[in-house]
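The next block is target_33.csv, given as CSV, C-alpha atoms and all ligand atoms.
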chain,number,residue,atom,x,y,z
A,16,MET,CA,-17.4,30.0,120.4
A,17,ASN,CA,-20.8,30.9,121.8
A,18,SER,CA,-21.5,34.1,123.7
A,19,LYS,CA,-21.4,32.2,127.1
A,20,GLU,CA,-18.0,30.8,126.3
A,21,SER,CA,-16.6,34.1,125.1
A,22,GLY,CA,-18.0,35.8,128.2
A,23,ALA,CA,-16.1,33.3,130.4
A,24,TRP,CA,-13.0,33.9,128.3
A,25,ILE,CA,-13.2,37.6,128.8
A,26,LYS,CA,-13.8,37.2,132.5
A,27,TYR,CA,-10.8,34.9,132.7
A,28,PHE,CA,-8.6,37.3,130.8
A,29,LYS,CA,-9.7,40.2,132.9
A,30,LEU,CA,-8.8,38.3,136.0
A,31,LYS,CA,-5.4,37.3,134.5
A,32,SER,CA,-4.7,40.8,133.4
A,33,VAL,CA,-5.5,42.1,136.9
A,34,SER,CA,-2.9,39.8,138.5
A,35,PHE,CA,-0.4,40.5,135.7
A,36,PHE,CA,-0.7,44.2,136.1
A,37,LEU,CA,-0.8,44.2,139.8
A,38,ASP,CA,2.6,42.5,139.6
A,39,ILE,CA,3.9,44.9,137.1
A,40,ALA,CA,2.4,47.8,138.9
A,41,ARG,CA,4.6,46.9,141.9
A,42,SER,CA,7.6,47.6,139.7
A,43,GLN,CA,6.3,50.6,137.8
A,44,ASP,CA,3.5,52.2,139.7
A,45,TYR,CA,2.5,55.0,137.6
A,46,ILE,CA,2.8,53.7,134.1
A,47,ALA,CA,1.3,50.3,135.0
A,48,ASP,CA,-1.7,52.0,136.7
A,49,ARG,CA,-2.4,53.9,133.6
A,50,ALA,CA,-1.9,50.9,131.3
A,51,PHE,CA,-4.0,48.8,133.5
A,52,ASN,CA,-6.9,51.2,133.5
A,53,PHE,CA,-6.6,51.5,129.8
A,54,ILE,CA,-6.7,47.7,129.3
A,55,VAL,CA,-9.7,47.3,131.4
A,56,PHE,CA,-11.3,50.0,129.4
A,57,MET,CA,-10.4,48.3,126.1
A,58,LEU,CA,-11.7,45.0,127.3
A,59,GLU,CA,-15.0,46.6,128.2
A,60,LYS,CA,-15.1,47.9,124.7
A,61,THR,CA,-14.2,44.6,123.2
A,62,MET,CA,-16.9,42.9,125.2
A,63,MET,CA,-19.4,45.3,123.9
A,64,LYS,CA,-18.2,45.1,120.3
A,65,SER,CA,-16.8,41.6,120.3
A,66,TYR,CA,-13.3,42.8,119.3
A,67,LEU,CA,-11.6,40.4,121.6
A,68,LYS,CA,-8.6,39.8,119.4
A,69,ALA,CA,-7.9,43.5,119.1
A,70,GLY,CA,-8.2,43.9,122.8
A,71,LEU,CA,-5.8,41.1,123.5
A,72,PHE,CA,-3.3,42.5,121.0
A,73,VAL,CA,-3.4,45.9,122.7
A,74,ALA,CA,-3.1,44.4,126.1
A,75,LEU,CA,0.0,42.4,125.1
A,76,LEU,CA,1.6,45.4,123.5
A,77,LEU,CA,1.1,47.5,126.6
A,78,LEU,CA,2.4,44.7,128.8
A,79,MET,CA,5.6,44.5,126.7
A,80,THR,CA,6.1,48.3,126.6
A,81,ASN,CA,5.5,48.6,130.3
A,82,ALA,CA,8.0,45.8,131.1
A,83,MET,CA,10.5,47.5,129.0
A,84,ALA,CA,10.0,50.8,130.8
A,85,ALA,CA,10.4,49.4,134.3
A,86,SER,CA,13.9,50.3,135.7
A,87,VAL,CA,15.7,51.0,138.9
A,88,ASN,CA,18.8,53.1,139.4
A,89,VAL,CA,21.5,52.0,141.9
A,90,TYR,CA,24.3,54.0,143.4
A,91,SER,CA,26.8,51.4,144.7
A,92,ALA,CA,29.9,51.9,146.8
A,93,ARG,CA,30.5,48.2,146.2
A,94,LYS,CA,32.6,47.4,143.2
A,95,GLU,CA,30.8,46.2,140.1
A,96,ALA,CA,32.0,42.7,140.3
A,97,LEU,CA,30.5,42.4,143.8
A,98,ILE,CA,27.0,43.3,142.8
A,99,LYS,CA,26.5,43.3,139.0
A,100,PRO,CA,25.9,39.6,138.5
A,101,LEU,CA,23.1,39.8,141.1
A,102,LEU,CA,21.5,42.8,139.4
A,103,ASP,CA,21.6,40.9,136.0
A,104,GLN,CA,19.8,38.0,137.6
A,105,PHE,CA,17.2,40.4,139.0
A,106,THR,CA,16.6,41.8,135.6
A,107,GLU,CA,16.3,38.4,134.1
A,108,GLN,CA,13.7,37.4,136.6
A,109,THR,CA,11.6,40.5,136.7
A,110,GLY,CA,12.2,42.3,133.4
A,111,ILE,CA,13.2,45.3,135.5
A,112,ASP,CA,16.3,47.0,134.0
A,113,VAL,CA,18.9,48.1,136.6
A,114,LYS,CA,21.2,51.0,135.9
A,115,LEU,CA,24.3,50.8,138.1
A,116,VAL,CA,26.6,53.7,139.1
A,117,THR,CA,29.6,52.6,141.2
A,118,GLY,CA,32.0,54.9,143.1
A,119,LYS,CA,33.8,55.5,146.4
A,120,ALA,CA,31.4,55.4,149.4
A,121,ASP,CA,32.0,58.9,150.6
A,122,ALA,CA,32.0,60.4,147.1
A,123,LEU,CA,28.7,58.7,146.3
A,124,LEU,CA,27.1,60.0,149.5
A,125,GLN,CA,28.3,63.5,148.6
A,126,ARG,CA,26.8,63.1,145.1
A,127,LEU,CA,23.4,62.0,146.6
A,128,LYS,CA,23.5,65.0,148.9
A,129,SER,CA,24.3,67.5,146.1
A,130,GLU,CA,21.7,66.0,143.7
A,131,GLY,CA,19.1,66.1,146.4
A,132,MET,CA,15.6,65.4,145.2
A,133,ASN,CA,16.9,65.6,141.6
A,134,SER,CA,19.0,62.5,142.1
A,135,PRO,CA,18.2,59.7,139.7
A,136,ALA,CA,19.3,57.1,142.3
A,137,ASP,CA,16.6,54.8,143.8
A,138,LEU,CA,18.8,52.5,145.9
A,139,PHE,CA,22.0,53.4,147.7
A,140,ILE,CA,24.3,50.5,148.5
A,141,THR,CA,27.3,51.1,150.8
A,142,THR,CA,29.4,49.6,153.5
A,143,ASP,CA,29.5,50.2,157.3
A,144,ALA,CA,26.5,51.0,159.5
A,145,GLY,CA,28.3,54.3,160.3
A,146,ARG,CA,28.1,55.4,156.7
A,147,LEU,CA,24.5,54.2,156.4
A,148,HIS,CA,23.7,56.3,159.5
A,149,ARG,CA,25.4,59.3,157.7
A,150,ALA,CA,23.2,58.8,154.7
A,151,LYS,CA,20.1,58.8,156.9
A,152,ALA,CA,21.3,61.9,158.8
A,153,ALA,CA,22.0,63.6,155.5
A,154,ASP,CA,18.3,63.1,154.6
A,155,VAL,CA,19.0,61.3,151.4
A,156,LEU,CA,17.2,58.1,152.4
A,157,GLN,CA,13.5,57.3,153.1
A,158,PRO,CA,12.0,54.7,155.4
A,159,VAL,CA,10.4,51.6,153.9
A,160,SER,CA,8.7,48.9,155.8
A,161,THR,CA,8.1,45.5,154.1
A,162,ASP,CA,7.3,42.1,155.6
A,163,VAL,CA,10.1,40.4,153.7
A,164,LEU,CA,12.9,42.8,155.0
A,165,THR,CA,11.6,42.7,158.5
A,166,ALA,CA,11.3,38.9,158.6
A,167,VAL,CA,14.6,38.1,156.9
A,168,ILE,CA,17.1,40.7,158.3
A,169,PRO,CA,17.8,40.4,162.1
A,170,GLU,CA,16.7,43.5,164.0
A,171,ASN,CA,20.2,44.6,165.0
A,172,TYR,CA,21.3,44.7,161.4
A,173,ARG,CA,18.7,47.2,160.2
A,174,ASP,CA,17.8,50.7,161.1
A,175,PRO,CA,15.1,50.8,163.9
A,176,GLU,CA,13.3,53.4,161.7
A,177,ASN,CA,13.7,51.3,158.5
A,178,TYR,CA,16.0,53.8,156.6
A,179,TRP,CA,18.6,51.2,155.9
A,180,PHE,CA,19.1,47.4,155.9
A,181,GLY,CA,22.1,45.2,156.3
A,182,LEU,CA,22.9,42.9,153.3
A,183,SER,CA,26.1,41.2,154.5
A,184,ILE,CA,28.1,40.9,157.7
A,185,ARG,CA,31.9,41.3,158.3
A,186,ALA,CA,33.8,41.0,161.5
A,187,ARG,CA,36.8,43.0,162.6
A,188,VAL,CA,39.2,40.5,164.0
A,189,ILE,CA,42.6,40.2,165.5
A,190,THR,CA,45.1,38.5,163.3
A,191,TYR,CA,48.5,37.4,164.7
A,192,ILE,CA,51.8,36.1,163.4
A,193,LYS,CA,51.6,32.4,164.2
A,194,ASP,CA,55.4,32.2,164.8
A,195,LYS,CA,55.4,35.0,167.4
A,196,VAL,CA,52.0,34.9,169.2
A,197,GLU,CA,50.1,32.1,170.9
A,198,PRO,CA,46.3,32.4,170.5
A,199,LYS,CA,46.1,31.9,174.3
A,200,GLN,CA,47.9,35.2,174.8
A,201,LEU,CA,44.9,36.9,173.1
A,202,SER,CA,41.4,37.5,174.5
A,203,SER,CA,39.8,40.8,173.6
A,204,TYR,CA,40.2,44.2,172.0
A,205,GLU,CA,40.4,45.6,175.5
A,206,ALA,CA,43.4,43.4,176.3
A,207,LEU,CA,45.3,44.8,173.3
A,208,ALA,CA,45.9,47.9,175.5
A,209,ASP,CA,48.2,45.8,177.7
A,210,PRO,CA,51.8,46.9,177.9
A,211,ARG,CA,52.9,43.4,176.6
A,212,TRP,CA,51.8,44.5,173.1
A,213,LYS,CA,54.0,47.7,173.1
A,214,GLY,CA,55.2,48.4,169.6
A,215,ARG,CA,53.6,45.2,168.3
A,216,ILE,CA,50.2,46.3,166.8
A,217,CYS,CA,49.3,47.4,163.3
A,218,ILE,CA,46.0,49.0,162.6
A,219,ARG,CA,44.9,51.6,160.0
A,220,SER,CA,44.1,55.2,160.6
A,221,SER,CA,41.4,56.7,162.8
A,222,GLU,CA,40.0,58.4,159.7
A,223,ASN,CA,38.7,55.0,158.6
A,224,ILE,CA,35.1,54.3,159.4
A,225,TYR,CA,35.8,50.7,160.3
A,226,ASN,CA,37.9,51.8,163.3
A,227,GLN,CA,35.5,54.5,164.2
A,228,SER,CA,32.7,51.9,164.3
A,229,LEU,CA,34.9,49.6,166.4
A,230,VAL,CA,35.4,52.3,169.0
A,231,ALA,CA,31.7,53.3,168.8
A,232,ALA,CA,30.9,49.7,169.7
A,233,MET,CA,33.3,49.9,172.7
A,234,ILE,CA,31.6,53.1,173.8
A,235,ALA,CA,28.2,51.3,173.7
A,236,ALA,CA,29.7,48.4,175.7
A,237,GLN,CA,31.6,50.2,178.4
A,238,GLY,CA,31.1,54.0,178.2
A,239,GLU,CA,33.2,56.9,177.2
A,240,ASP,CA,35.7,57.0,180.1
A,241,LYS,CA,36.8,53.4,179.9
A,242,THR,CA,37.0,53.6,176.1
A,243,GLN,CA,39.2,56.7,176.3
A,244,ALA,CA,41.5,55.0,178.8
A,245,TRP,CA,41.7,52.0,176.5
A,246,ALA,CA,42.4,54.1,173.4
A,247,ASN,CA,45.2,55.9,175.1
A,248,ASN,CA,47.0,52.7,176.0
A,249,PHE,CA,46.1,50.9,172.7
A,250,VAL,CA,47.6,53.7,170.6
A,251,SER,CA,50.8,53.6,172.7
A,252,ASN,CA,51.2,50.0,171.6
A,253,PHE,CA,51.2,50.8,167.8
A,254,ALA,CA,54.2,49.5,165.9
A,255,ARG,CA,54.1,52.5,163.6
A,256,PRO,CA,51.9,55.6,162.8
A,257,PRO,CA,48.8,54.1,161.0
A,258,LYS,CA,49.0,53.9,157.2
A,259,GLY,CA,47.4,51.9,154.4
A,260,GLY,CA,44.3,49.8,154.4
A,261,ASP,CA,43.5,46.6,156.2
A,262,ARG,CA,45.5,44.4,153.8
A,263,ASP,CA,48.5,46.6,154.4
A,264,GLN,CA,48.4,45.8,158.1
A,265,VAL,CA,48.6,42.0,157.4
A,266,LYS,CA,51.4,42.6,155.0
A,267,ALA,CA,53.3,44.7,157.5
A,268,ALA,CA,52.9,42.0,160.1
A,269,ALA,CA,54.0,39.4,157.6
A,270,VAL,CA,57.3,41.3,157.0
A,271,GLY,CA,58.0,41.8,160.7
A,272,VAL,CA,56.8,45.3,161.3
A,273,CYS,CA,54.3,44.1,163.9
A,274,ASP,CA,52.9,40.9,165.4
A,275,ILE,CA,49.2,41.8,165.5
A,276,ALA,CA,47.0,43.3,162.8
A,277,VAL,CA,43.4,44.3,163.4
A,278,VAL,CA,41.4,43.7,160.1
A,279,ASN,CA,38.1,43.0,158.6
A,280,THR,CA,37.7,39.3,157.9
A,281,TYR,CA,37.0,39.6,154.1
A,282,TYR,CA,40.5,41.2,153.5
A,283,LEU,CA,42.1,38.1,154.9
A,284,GLY,CA,39.7,36.0,152.8
A,285,LYS,CA,40.7,37.9,149.6
A,286,MET,CA,44.4,37.5,150.4
A,287,ILE,CA,44.1,33.8,151.1
A,288,ASN,CA,42.1,33.1,147.9
A,289,GLY,CA,43.6,35.8,145.6
A,290,LYS,CA,45.8,35.4,142.5
A,291,ASP,CA,48.8,37.2,144.1
A,292,ALA,CA,51.1,34.4,145.4
A,293,VAL,CA,53.0,36.9,147.7
A,294,GLN,CA,49.8,38.0,149.4
A,295,ARG,CA,48.7,34.4,149.8
A,296,ASP,CA,52.0,33.6,151.4
A,297,MET,CA,51.7,36.6,153.7
A,298,ALA,CA,48.2,35.7,154.7
A,299,GLY,CA,49.4,32.2,155.4
A,300,LYS,CA,51.6,33.6,158.2
A,301,VAL,CA,48.8,34.9,160.3
A,302,GLY,CA,46.1,33.2,162.3
A,303,LEU,CA,42.6,34.6,162.9
A,304,PHE,CA,41.5,35.2,166.5
A,305,TRP,CA,37.9,35.9,167.5
A,306,PRO,CA,38.1,38.5,170.2
A,307,ASN,CA,35.6,39.0,173.1
A,308,GLN,CA,34.2,35.5,172.8
A,309,GLY,CA,33.9,35.4,176.6
A,310,ASP,CA,31.8,38.5,176.8
A,311,ARG,CA,29.9,40.6,174.2
A,312,GLY,CA,31.3,39.0,171.1
A,313,VAL,CA,33.4,40.1,168.1
A,314,HIS,CA,32.7,43.5,166.6
A,315,VAL,CA,30.7,43.1,163.5
A,316,ASN,CA,29.6,45.5,160.8
A,317,ILE,CA,27.5,45.3,157.6
A,318,SER,CA,27.3,46.3,154.0
A,319,GLY,CA,23.8,47.6,153.5
A,320,ALA,CA,21.4,49.6,151.5
A,321,GLY,CA,18.6,52.1,151.7
A,322,ILE,CA,15.9,53.5,149.3
A,323,THR,CA,16.8,57.1,148.4
A,324,LYS,CA,14.5,59.9,149.3
A,325,SER,CA,14.3,61.0,145.7
A,326,ALA,CA,13.4,57.5,144.4
A,327,GLN,CA,11.3,57.7,141.3
A,328,ASN,CA,11.1,53.9,141.1
A,329,ARG,CA,10.5,53.2,144.7
A,330,THR,CA,8.5,50.0,144.3
A,331,ALA,CA,11.1,48.5,141.9
A,332,ALA,CA,13.9,49.5,144.3
A,333,ILE,CA,12.1,47.7,147.1
A,334,LEU,CA,11.7,44.6,145.0
A,335,LEU,CA,15.4,44.7,144.3
A,336,LEU,CA,16.2,45.1,148.0
A,337,GLU,CA,14.0,42.1,148.8
A,338,PHE,CA,15.7,40.2,146.0
A,339,LEU,CA,19.1,40.9,147.5
A,340,VAL,CA,18.1,39.2,150.8
A,341,ASN,CA,16.6,36.1,149.2
A,342,ALA,CA,18.5,32.9,150.1
A,343,ARG,CA,20.2,32.5,146.8
A,344,SER,CA,21.3,36.1,146.5
A,345,GLN,CA,22.5,36.1,150.1
A,346,HIS,CA,24.8,33.1,149.5
A,347,TRP,CA,26.3,34.6,146.4
A,348,TYR,CA,26.6,38.2,147.7
A,349,ALA,CA,28.3,37.1,150.9
A,350,SER,CA,30.6,34.5,149.3
A,351,VAL,CA,31.9,36.6,146.5
A,352,ASN,CA,33.5,39.0,149.0
A,353,TYR,CA,34.2,36.5,151.8
A,354,GLU,CA,31.5,38.0,154.0
A,355,TYR,CA,28.8,36.4,156.1
A,356,PRO,CA,25.1,36.4,154.9
A,357,VAL,CA,22.9,38.7,156.9
A,358,ARG,CA,20.1,36.1,156.6
A,359,GLU,CA,20.2,33.2,158.9
A,360,GLY,CA,20.3,29.6,157.5
A,361,VAL,CA,22.3,30.5,154.4
A,362,ASP,CA,25.5,28.5,153.7
A,363,TRP,CA,28.9,30.1,154.3
A,364,SER,CA,31.8,29.9,151.8
A,365,ASP,CA,34.5,27.3,152.5
A,366,THR,CA,37.0,30.0,153.7
A,367,LEU,CA,34.5,31.2,156.3
A,368,ASN,CA,33.6,27.7,157.4
A,369,GLY,CA,37.4,27.1,157.9
A,370,TRP,CA,37.5,30.0,160.4
A,371,GLY,CA,34.7,28.4,162.4
A,372,LYS,CA,31.7,29.7,164.3
A,373,PHE,CA,31.9,32.8,166.5
A,374,LYS,CA,29.9,34.9,168.8
A,375,ALA,CA,29.0,38.3,167.3
A,376,ASP,CA,28.3,41.5,169.3
A,377,ALA,CA,24.5,41.7,169.3
A,378,LEU,CA,24.6,45.5,169.5
A,379,ASN,CA,22.1,47.3,167.3
A,380,LEU,CA,24.3,48.7,164.6
A,381,SER,CA,22.5,52.0,164.5
A,382,LEU,CA,24.4,52.8,167.7
A,383,LEU,CA,27.7,52.8,165.6
A,384,GLY,CA,26.4,55.9,163.8
A,385,GLN,CA,25.0,57.5,166.9
A,386,ASN,CA,28.4,57.1,168.8
A,387,ASN,CA,30.5,58.0,165.8
A,388,ALA,CA,31.3,61.6,166.7
A,389,THR,CA,32.3,60.6,170.3
A,390,ALA,CA,34.4,57.8,168.9
A,391,VAL,CA,36.3,60.2,166.6
A,392,ARG,CA,36.8,62.6,169.5
A,393,ILE,CA,38.2,59.8,171.7
A,394,MET,CA,40.6,58.6,169.0
A,395,ASP,CA,41.8,62.1,168.4
A,396,LYS,CA,42.4,62.7,172.0
A,397,ALA,CA,44.4,59.4,172.2
A,398,GLY,CA,46.6,60.5,169.4
A,399,TRP,CA,45.4,57.8,167.0
A,400,LYS,CA,46.5,59.3,163.7
B,501,FE,FE,36.5,47.3,153.1
Let me see the structure of the file written as structure tokens.
Ligand code: FE
Amino acid sequence: MNSKESGAWIKYFKLKSVSFFLDIARSQDYIADRAFNFIVFMLEKTMMKSYLKAGLFVALLLLMTNAMAASVNVYSARKEALIKPLLDQFTEQTGIDVKLVTGKADALLQRLKSEGMNSPADLFITTDAGRLHRAKAADVLQPVSTDVLTAVIPENYRDPENYWFGLSIRARVITYIKDKVEPKQLSSYEALADPRWKGRICIRSSENIYNQSLVAAMIAAQGEDKTQAWANNFVSNFARPPKGGDRDQVKAAAVGVCDIAVVNTYYLGKMINGKDAVQRDMAGKVGLFWPNQGDRGVHVNISGAGITKSAQNRTAAILLLEFLVNARSQHWYASVNYEYPVREGVDWSDTLNGWGKFKADALNLSLLGQNNATAVRIMDKAGWK
């Protein structure tokens, strides 16, 4: 190799290492910056002393060490089975290791709060915009603005100040016992306050964030007074004091406790597709009704995530967040829990296709958090246990 050729080689390698390290730097800012500077320094040396091979060796070694060092810590209120396979794919594609801590949504938020800036978490994944709002209000998240997140996630499914981003959508629907209720008797959440439903409705407790968000959406649509009047009558139609989760409402309806159960779509999806034959049978007794299709649309909510305020691996966490909204991840993430992708143009699972298309409330979900305290007050006043 003459000196002209080796000069060209060095130039090529420098350019390559620049792009390599810019990529890696995105995932591990600090170490990569250091390593990058060092490699450029080494190359300069090798150029002068013609120790090209030694330079290449050091560059490679540093590249490997750095890739091994890159990691991101996730606190997830979603169960491991609903997120881990995606995190593994992310690691496979980027070389960035993901450490996952799972737990109950409220407990994880409490942990983030008490750990403060010492928290090892970089990304917080949870369900319900109301909870994401609480995390933002508790000052454990930080805003991030990226072209990918802005382009892919519809505006109403992310925080206006970019503290949190929706990852999947779920709808809170009316299910009804097919033998006892005609779909044409149903129309909206508002109509469930009608005396014809006295003693016929099952719904979980007002302590549950899903119901708080449902009422928060009603406040946004029609104001406090109308929502209070609705809640008073709606509660008087309950078949029993609220107890259990969403699945328990469908089960209660199936055994004759009530004729209507208000539940999130994915619970029904899980019952229909689950291993438990009794639950499959129970779910088979109910039909799914999309409320408010003639006006604002069905109440929808999200699972979502935000970068923590304490994030040490901020850039890697953003890369992961962007990975979670790519088309492939979106299909898997939504399908595995019978949810809807937050990204448009992504295929739905068969169960969801079977339920058909629907009109969703276009409300900006940040309002669910903003109206939460008022919603809780209204429910308390209405005697919703
Ligand atoms: Fe849930």
Per residue of range 235-341 of chain A within 7 Å of range 174-186 of chain A, record the nearest atom pair and its distance in Å to one decimal, counting only C-alpha atoms, with rows in chain order and ascending residue number, as CSV.
residue,atom,partner,partner_atom,distance
A:Asn279,CA,A:Ala186,CA,5.6
A:Thr280,CA,A:Ala186,CA,5.6
A:Tyr281,CA,A:Arg185,CA,6.8
A:Val313,CA,A:Ala186,CA,6.7
A:His314,CA,A:Ala186,CA,5.8
A:Val315,CA,A:Ala186,CA,4.2
A:Asn316,CA,A:Arg185,CA,5.4
A:Ile317,CA,A:Ile184,CA,4.4
A:Ser318,CA,A:Ser183,CA,5.3
A:Gly319,CA,A:Gly181,CA,4.1
A:Ala320,CA,A:Phe180,CA,5.4
A:Gly321,CA,A:Trp179,CA,4.3
A:Val340,CA,A:Leu182,CA,6.6
Around ligand FE 501 (chain B), out to 10 Å and counting all atoms listed in the file, which residues are there? I want them as an mmCIF file with C-alpha atoms, in the frame of the given file.
data_model
loop_
_atom_site.group_PDB
_atom_site.id
_atom_site.type_symbol
_atom_site.label_atom_id
_atom_site.label_comp_id
_atom_site.auth_asym_id
_atom_site.auth_seq_id
_atom_site.Cartn_x
_atom_site.Cartn_y
_atom_site.Cartn_z
ATOM 1 C CA ARG A 93 30.500 48.200 146.200
ATOM 2 C CA THR A 142 29.400 49.600 153.500
ATOM 3 C CA ASP A 143 29.500 50.200 157.300
ATOM 4 C CA ARG A 185 31.900 41.300 158.300
ATOM 5 C CA ASN A 223 38.700 55.000 158.600
ATOM 6 C CA ILE A 224 35.100 54.300 159.400
ATOM 7 C CA TYR A 225 35.800 50.700 160.300
ATOM 8 C CA GLY A 260 44.300 49.800 154.400
ATOM 9 C CA ASP A 261 43.500 46.600 156.200
ATOM 10 C CA ARG A 262 45.500 44.400 153.800
ATOM 11 C CA VAL A 278 41.400 43.700 160.100
ATOM 12 C CA ASN A 279 38.100 43.000 158.600
ATOM 13 C CA THR A 280 37.700 39.300 157.900
ATOM 14 C CA TYR A 281 37.000 39.600 154.100
ATOM 15 C CA TYR A 282 40.500 41.200 153.500
ATOM 16 C CA SER A 318 27.300 46.300 154.000
ATOM 17 C CA ASN A 352 33.500 39.000 149.000
#
- Task: Extract, using all atoms listed in the file, all DNA, RNA and protein residues at most 9 Å from Val167 in chain A, discarding same-chain residues fewer than 6 positions from it, and format them as a ChimeraX atom specification.
- Result: /A:340-341,357-359
- Contact residues around range 248-255 of chain A with all atoms listed in the file at 9 Å, ignoring same-chain residues under 4 positions, as a PyMOL selection string: chain A and resi 204-218+243-244+272-274+394+397-400
- Item | Separation of CA of Ser134 in chain A from CA of Lys99 in chain A in Å | 20.8 Å
- Message: Given all atoms listed in the file as the basis, pick out the residue of A:Ala388, A:Ala276, A:Val351, A:Val163 nearest to Thr366 in chain A.
- Response: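 The shortest atom-to-atom distance to Thr366 in chain A comes from A:Val351.
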- Item | Selection near range 94-96 of chain A, 12 Å with only C-alpha atoms, sequence-local residues under 6 positions removed, as an MDAnalysis selection string | chainID A and resid 102:103 114:120 140:142 347:348 351:352
Since the input lacks atoms, please generate N, CA and C atoms for range 357-368 of chain A and provide them as a compact mmCIF listing (two decimals), keeping the file's coordinate frame.
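Full text of result.txt as output:
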# COMPACT_ATOMS: atom_id res chain seq x y z
N VAL A 357 23.62 38.04 155.84
CA VAL A 357 22.90 38.70 156.90
C VAL A 357 21.68 37.82 157.30
N ARG A 358 21.27 37.01 156.35
CA ARG A 358 20.10 36.10 156.60
C ARG A 358 20.58 34.83 157.21
N GLU A 359 19.84 34.40 158.20
CA GLU A 359 20.20 33.20 158.90
C GLU A 359 19.86 31.94 158.03
N GLY A 360 20.60 30.85 158.23
CA GLY A 360 20.30 29.60 157.50
C GLY A 360 20.84 29.54 156.11
N VAL A 361 21.71 30.51 155.74
CA VAL A 361 22.30 30.50 154.40
C VAL A 361 23.76 29.96 154.56
N ASP A 362 24.16 29.06 153.65
CA ASP A 362 25.50 28.50 153.70
C ASP A 362 26.59 29.50 153.61
N TRP A 363 27.68 29.27 154.35
CA TRP A 363 28.90 30.10 154.30
C TRP A 363 29.81 29.55 153.20
N SER A 364 30.73 30.41 152.75
CA SER A 364 31.80 29.90 151.80
C SER A 364 32.75 29.04 152.60
N ASP A 365 33.56 28.27 151.85
CA ASP A 365 34.50 27.30 152.50
C ASP A 365 35.50 28.05 153.40
N THR A 366 36.01 29.21 152.93
CA THR A 366 37.00 30.00 153.70
C THR A 366 36.39 30.31 155.09
N LEU A 367 35.16 30.78 155.08
CA LEU A 367 34.50 31.20 156.30
C LEU A 367 34.23 29.98 157.22
N ASN A 368 33.84 28.88 156.62
CA ASN A 368 33.60 27.70 157.40
C ASN A 368 34.93 27.25 158.09
